[in-house]
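Working notes, beginning with the structure itself.
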Amino acid sequence: MAIPCIILTRTIPLRSISPLRITSRTMSTHPNRVQMDQHLYISTIDAEPLHRYRQGGYHPVTLGECLKAGRYKVLHKLGWGGYSTVWAARDQRLEQTYVAVKISIAETEYNGDTRELQTLKVLASHHPRPKHTVHMLDDFDLKGPNGSHKCLVYELLGPNVPDIIDANFPDGRLPGKLAKTIAKQCLIGLDSLHQRKIGHGDLHTRNLAFAMPYIDDLTEERFIEMLGKPEVGYIQKRDGKCLEAGVPEYVVKPASYGNHSRNLAQDVKIIDFGESFLHTAPPETLHTPLSLRAPEVIFQNNIDYRVDLWSMGCMLFELFVGQPPFDTFLITPAILVGQMREMATDELPERWQHEWNTVNTGDVMATESTGPNLQEWLEEVYFDSPLSPDLTREDIERLGRIVGRLLHFEPSGRASAKQVLDDPWFDE
């Protein structure tokens with residue numbers, strides 16, 4: 001589901017430039033094999049890639065089955081990604097609570113679940129538990145036809161911020177008061193992580209979800225009604241032969257909260273710790289969406305928890321105006337860095353200058369900014385749109401100063417989450 005946005009674009013002149021080198025994650029399968037496998041199966045439901053149901057891939061799940069020796073009864077599907085599927089289930093032992101069960105792929109080379117588990121165990125060891133971050137409740141291993149899968153059990157949360165916008169704000173912009181509430185709670189959650197020198201590594205609006213109070217009071221029937229009756233699509237092989245043991249009989253369309261999103265409490269939590277890391281084991285790279293990616297990740301420099309501060313600056317911009325500060329369409333790392341130079345409140349560090357000069361070649365070297373600076377672009381997107389503003393120019397000026405404290409190339413120059421939280425604007 002695409003993030004709704006105001007249709008405004010910003011560009012820098014396109015030149016003959018090569019993208020800065022970045023890495024990407026793929027399942028370690030030969031590309032020709034993947035291309036061949038993905039056409040073997042068909043289903044009426046558009047869901048996770050069917051060819052990933054193989055050795056080392058997804059675990060086949062059936063609605064109504066019980067995981068971990070009968071404890072977690074699967075009721076609906078919440079979503080999927082390249083490295084896991086996520087299911088709504090009922091914990092039949094612990095006061096009949098509803099939970100989310102994330103089942104990772106079985107591939108041994110994938111270590112995201114290990115990092116995630118390490119991070120969440122550290123968070124769970126602190127009492128009281130940090131506010132505004134999702135709580136892990138349990139973990140277990142699940143053996144199936146495609147291998148052994150790590151399963152993480154979380155408290156069940158509701159829709160994310162873009163889904164709330166889709167359902168309730170068709171113009172693509174949150175009301176200023178709600179945006180401020182979400183921003184403050186996210187900063188509280190981020191501060192709790194950074195106090196422990198934990199990096200989230202993938203901070204964006206899709207990883208902010210709303211809590212759903214009183215959900216455990218619902219019967220299974222009412223719970224499923226709230227999510228919508230599961231829609232399944234049976235899987236067939238194109239050649240008409242029987243399915244392999246590791247391929248499910250059907251796939252399930254992810255649930256939708258629909259109109260129930262209007263009844264959600266304004267309590268937001270940071271979710272999806274698949275890219276998270278402890279300060280003792282920083283990753284070599286991260287896979288935050290490119291337009292929100294910190295410059296040290298793009299330049300393959302040392303990474304620490306302060307990558308989240310850059311992403312937080314981008315997310316603050318988006319929460320209030322309805323679109324990220326940098327282009328998302330046809331963006332490349334080199335174009336993005338050019339836009340960063342226009343918006344950042346400091347200069348590109350000397351240690352990155354040589355690589356920037358190497359990739360930024362063409363008829364004219366872009367040594368000077370050619371687009372609006374941060375404050376100009378923020379005001380243009382917010383006030384020069386067909387939407388009626390509910391924040392004043394003073395509000396947007398103060399927001400620009402806050403975002404500017406986070407959009408520093410040099411990580412040590414970025415304001416901490418606590419310093420941003422201390423700005424009285426969030427309580428006005």
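Residue names in the structure tokens use chain letters A, B, ... in the order shown, residue numbers from 1 in each chain, and ligand numbers from 1 in the order shown.
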Extract, using only C-alpha atoms, all DNA, RNA and protein residues at most 6 Å from A:Ile270, discarding same-chain residues fewer than 2 positions from it, and format them as a PDB file with all heavy atoms, in the first residue's frame.
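Done, and the output landed in out02.pdb:
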ATOM      1  N   THR A 133       7.669   1.548  22.519  1.00  0.00           N
ATOM      2  CA  THR A 133       8.317   0.546  21.675  1.00  0.00           C
ATOM      3  C   THR A 133       7.542  -0.759  21.865  1.00  0.00           C
ATOM      4  O   THR A 133       7.084  -1.061  22.971  1.00  0.00           O
ATOM      5  CB  THR A 133       9.797   0.317  22.042  1.00  0.00           C
ATOM      6  OG1 THR A 133       9.884  -0.120  23.409  1.00  0.00           O
ATOM      7  CG2 THR A 133      10.605   1.589  21.859  1.00  0.00           C
ATOM      8  N   VAL A 134       7.388  -1.515  20.793  1.00  0.00           N
ATOM      9  CA  VAL A 134       6.625  -2.749  20.874  1.00  0.00           C
ATOM     10  C   VAL A 134       7.307  -3.722  21.834  1.00  0.00           C
ATOM     11  O   VAL A 134       8.540  -3.746  21.949  1.00  0.00           O
ATOM     12  CB  VAL A 134       6.468  -3.381  19.474  1.00  0.00           C
ATOM     13  CG1 VAL A 134       7.809  -3.868  18.929  1.00  0.00           C
ATOM     14  CG2 VAL A 134       5.448  -4.517  19.481  1.00  0.00           C
ATOM     15  N   ASN A 207       6.733   1.941  10.302  1.00  0.00           N
ATOM     16  CA  ASN A 207       7.143   1.231  11.507  1.00  0.00           C
ATOM     17  C   ASN A 207       6.717   1.962  12.774  1.00  0.00           C
ATOM     18  O   ASN A 207       7.344   1.825  13.826  1.00  0.00           O
ATOM     19  CB  ASN A 207       8.650   0.985  11.493  1.00  0.00           C
ATOM     20  CG  ASN A 207       9.018  -0.156  10.563  1.00  0.00           C
ATOM     21  OD1 ASN A 207       8.167  -0.984  10.226  1.00  0.00           O
ATOM     22  ND2 ASN A 207      10.265  -0.198  10.126  1.00  0.00           N
ATOM     23  N   LEU A 208       5.635   2.732  12.654  1.00  0.00           N
ATOM     24  CA  LEU A 208       4.945   3.310  13.809  1.00  0.00           C
ATOM     25  C   LEU A 208       3.518   2.793  13.786  1.00  0.00           C
ATOM     26  O   LEU A 208       2.770   3.056  12.849  1.00  0.00           O
ATOM     27  CB  LEU A 208       4.936   4.838  13.734  1.00  0.00           C
ATOM     28  CG  LEU A 208       6.275   5.570  13.787  1.00  0.00           C
ATOM     29  CD1 LEU A 208       6.041   7.076  13.703  1.00  0.00           C
ATOM     30  CD2 LEU A 208       7.046   5.225  15.047  1.00  0.00           C
TER      31      LEU A 208
END
Nearby residues (only C-alpha atoms) at most 8 Å from A:Thr44, same-chain spacing under 5 positions excluded, as a short mmCIF file (atom, residue, chain, number, x, y, z; two decimals) with N, CA and C atoms, in the first residue's frame:
data_model
loop_
_atom_site.label_atom_id
_atom_site.label_comp_id
_atom_site.auth_asym_id
_atom_site.auth_seq_id
_atom_site.Cartn_x
_atom_site.Cartn_y
_atom_site.Cartn_z
N GLY A 233 -6.44 -17.76 -1.03
CA GLY A 233 -6.29 -18.10 -2.44
C GLY A 233 -5.54 -19.42 -2.54
N TYR A 234 -6.19 -20.43 -3.08
CA TYR A 234 -5.56 -21.75 -3.18
C TYR A 234 -4.45 -21.72 -4.23
N ILE A 235 -3.40 -22.49 -3.95
CA ILE A 235 -2.21 -22.51 -4.79
C ILE A 235 -2.26 -23.72 -5.71
#
Write out as an MDAnalysis selection string which residues come within 8 Å of A:Tyr41 when counting only C-alpha atoms, dropping same-chain ones fewer than 6 positions away.
-> chainID A and resid 50:51 235:238
I'd like the neighbourhood of stretch 407-413 of chain A as a short mmCIF file (atom, residue, chain, number, x, y, z; two decimals) with N, CA and C atoms, in the first residue's frame, where a residue qualifies if any of its atoms comes within 6 Å (using only C-alpha atoms), though same-chain residues fewer than 5 positions away should be ignored.
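After the write, out-v9.cif holds the following:
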data_model
loop_
_atom_site.label_atom_id
_atom_site.label_comp_id
_atom_site.auth_asym_id
_atom_site.auth_seq_id
_atom_site.Cartn_x
_atom_site.Cartn_y
_atom_site.Cartn_z
N TRP A 310 18.91 10.90 11.95
CA TRP A 310 18.69 11.40 10.59
C TRP A 310 17.32 10.95 10.09
N GLY A 313 14.57 12.93 11.62
CA GLY A 313 14.40 14.24 10.98
C GLY A 313 13.56 14.14 9.73
N ALA A 344 20.83 19.70 4.37
CA ALA A 344 21.55 19.50 5.62
C ALA A 344 22.04 20.83 6.17
N THR A 345 22.18 20.88 7.48
CA THR A 345 22.60 22.12 8.13
C THR A 345 24.11 22.17 8.37
N ASP A 346 24.86 21.24 7.80
CA ASP A 346 26.31 21.33 7.80
C ASP A 346 26.82 20.87 6.45
#
Within stretch 110-314 of chain A, find each residue whose DSSP state, derived from the backbone, is strand (DSSP E), and express the selection as a PyMOL selection string.
-> chain A and resi 136-144+147-155+208-210+232-234+236-237+250-252+268-270
Hey, can you spit out that residue selection with N, CA and C atoms as a compact mmCIF listing (two decimals), in the first residue's frame?
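The resulting again.txt:
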# COMPACT_ATOMS: atom_id res chain seq x y z
N MET A 136 8.20 -7.54 23.04
CA MET A 136 8.26 -8.96 22.70
C MET A 136 7.83 -9.76 23.91
N LEU A 137 6.97 -10.75 23.69
CA LEU A 137 6.41 -11.55 24.79
C LEU A 137 7.02 -12.94 24.89
N ASP A 138 7.50 -13.46 23.77
CA ASP A 138 7.96 -14.85 23.77
C ASP A 138 8.77 -15.08 22.50
N ASP A 139 9.54 -16.15 22.49
CA ASP A 139 10.20 -16.59 21.26
C ASP A 139 10.33 -18.11 21.31
N PHE A 140 10.32 -18.72 20.15
CA PHE A 140 10.46 -20.18 20.07
C PHE A 140 10.90 -20.57 18.67
N ASP A 141 11.36 -21.80 18.54
CA ASP A 141 11.76 -22.34 17.24
C ASP A 141 10.66 -23.24 16.71
N LEU A 142 10.48 -23.20 15.42
CA LEU A 142 9.44 -23.97 14.76
C LEU A 142 10.06 -24.78 13.63
N LYS A 143 9.95 -26.09 13.72
CA LYS A 143 10.50 -26.95 12.68
C LYS A 143 9.40 -27.30 11.68
N GLY A 144 9.71 -27.19 10.40
CA GLY A 144 8.73 -27.47 9.37
C GLY A 144 9.39 -28.07 8.15
N GLY A 147 12.55 -26.16 6.94
CA GLY A 147 13.67 -25.94 7.84
C GLY A 147 13.22 -25.51 9.21
N SER A 148 14.14 -24.95 9.99
CA SER A 148 13.85 -24.49 11.34
C SER A 148 13.71 -22.97 11.32
N HIS A 149 12.61 -22.47 11.86
CA HIS A 149 12.26 -21.06 11.79
C HIS A 149 12.26 -20.45 13.19
N LYS A 150 12.86 -19.30 13.34
CA LYS A 150 12.77 -18.55 14.59
C LYS A 150 11.45 -17.78 14.59
N CYS A 151 10.71 -17.89 15.69
CA CYS A 151 9.42 -17.21 15.83
C CYS A 151 9.48 -16.24 17.01
N LEU A 152 9.07 -15.02 16.77
CA LEU A 152 9.02 -14.00 17.81
C LEU A 152 7.56 -13.61 18.04
N VAL A 153 7.16 -13.56 19.29
CA VAL A 153 5.78 -13.25 19.64
C VAL A 153 5.74 -11.85 20.25
N TYR A 154 4.89 -10.99 19.67
CA TYR A 154 4.77 -9.60 20.09
C TYR A 154 3.37 -9.30 20.60
N GLU A 155 3.27 -8.23 21.38
CA GLU A 155 1.95 -7.69 21.67
C GLU A 155 1.32 -7.28 20.34
N LEU A 208 5.64 2.73 12.65
CA LEU A 208 4.95 3.31 13.81
C LEU A 208 3.52 2.79 13.79
N ALA A 209 3.13 2.06 14.82
CA ALA A 209 1.80 1.44 14.84
C ALA A 209 1.01 1.91 16.06
N PHE A 210 -0.30 1.96 15.90
CA PHE A 210 -1.20 2.39 16.97
C PHE A 210 -1.60 1.21 17.85
N VAL A 232 -8.68 -16.29 1.33
CA VAL A 232 -7.62 -17.22 0.97
C VAL A 232 -7.61 -17.45 -0.54
N GLY A 233 -6.44 -17.76 -1.03
CA GLY A 233 -6.29 -18.10 -2.44
C GLY A 233 -5.54 -19.42 -2.54
N TYR A 234 -6.19 -20.43 -3.08
CA TYR A 234 -5.56 -21.75 -3.18
C TYR A 234 -4.45 -21.72 -4.23
N GLN A 236 -1.90 -23.50 -6.95
CA GLN A 236 -1.79 -24.58 -7.92
C GLN A 236 -0.45 -24.49 -8.65
N LYS A 237 0.01 -25.63 -9.10
CA LYS A 237 1.18 -25.64 -9.98
C LYS A 237 0.70 -25.49 -11.42
N TYR A 250 -2.86 -22.98 0.60
CA TYR A 250 -3.39 -21.68 0.21
C TYR A 250 -2.55 -20.58 0.88
N VAL A 251 -2.66 -19.37 0.34
CA VAL A 251 -2.10 -18.19 0.99
C VAL A 251 -3.25 -17.31 1.45
N VAL A 252 -2.96 -16.43 2.41
CA VAL A 252 -3.99 -15.61 3.04
C VAL A 252 -3.69 -14.14 2.76
N VAL A 268 1.14 5.40 20.21
CA VAL A 268 1.93 4.89 19.10
C VAL A 268 3.18 4.21 19.62
N LYS A 269 3.56 3.11 18.95
CA LYS A 269 4.77 2.39 19.33
C LYS A 269 5.63 2.12 18.11
N ILE A 270 6.95 2.13 18.32
CA ILE A 270 7.90 1.78 17.28
C ILE A 270 7.91 0.26 17.14
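Going from atom CA of A:Gly199 to atom CA of A:Arg306 covers 7.2 Å.
Residues surrounding A:Leu391 within 8 Å are Gly176, Asp395 and Ile396 of chain A [only C-alpha atoms; sequence separation below 3 positions excluded].
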Those same residues - all heavy atoms - I'd like them written as a short mmCIF file (atom, residue, chain, number, x, y, z; two decimals), in the first residue's frame.
data_model
loop_
_atom_site.label_atom_id
_atom_site.label_comp_id
_atom_site.auth_asym_id
_atom_site.auth_seq_id
_atom_site.Cartn_x
_atom_site.Cartn_y
_atom_site.Cartn_z
N GLY A 176 -2.33 18.69 12.37
CA GLY A 176 -1.11 19.09 13.06
C GLY A 176 -1.04 18.58 14.48
O GLY A 176 0.02 18.13 14.95
N ASP A 395 4.72 27.95 13.59
CA ASP A 395 4.85 26.51 13.85
C ASP A 395 5.82 25.87 12.86
O ASP A 395 6.68 25.07 13.25
CB ASP A 395 3.48 25.82 13.72
CG ASP A 395 2.59 26.05 14.92
OD1 ASP A 395 3.10 26.08 16.05
OD2 ASP A 395 1.37 26.19 14.72
N ILE A 396 5.65 26.18 11.58
CA ILE A 396 6.49 25.57 10.55
C ILE A 396 7.94 26.05 10.66
O ILE A 396 8.88 25.29 10.41
CB ILE A 396 5.91 25.84 9.15
CG1 ILE A 396 4.53 25.18 9.03
CG2 ILE A 396 6.83 25.32 8.06
CD1 ILE A 396 4.52 23.68 9.26
#
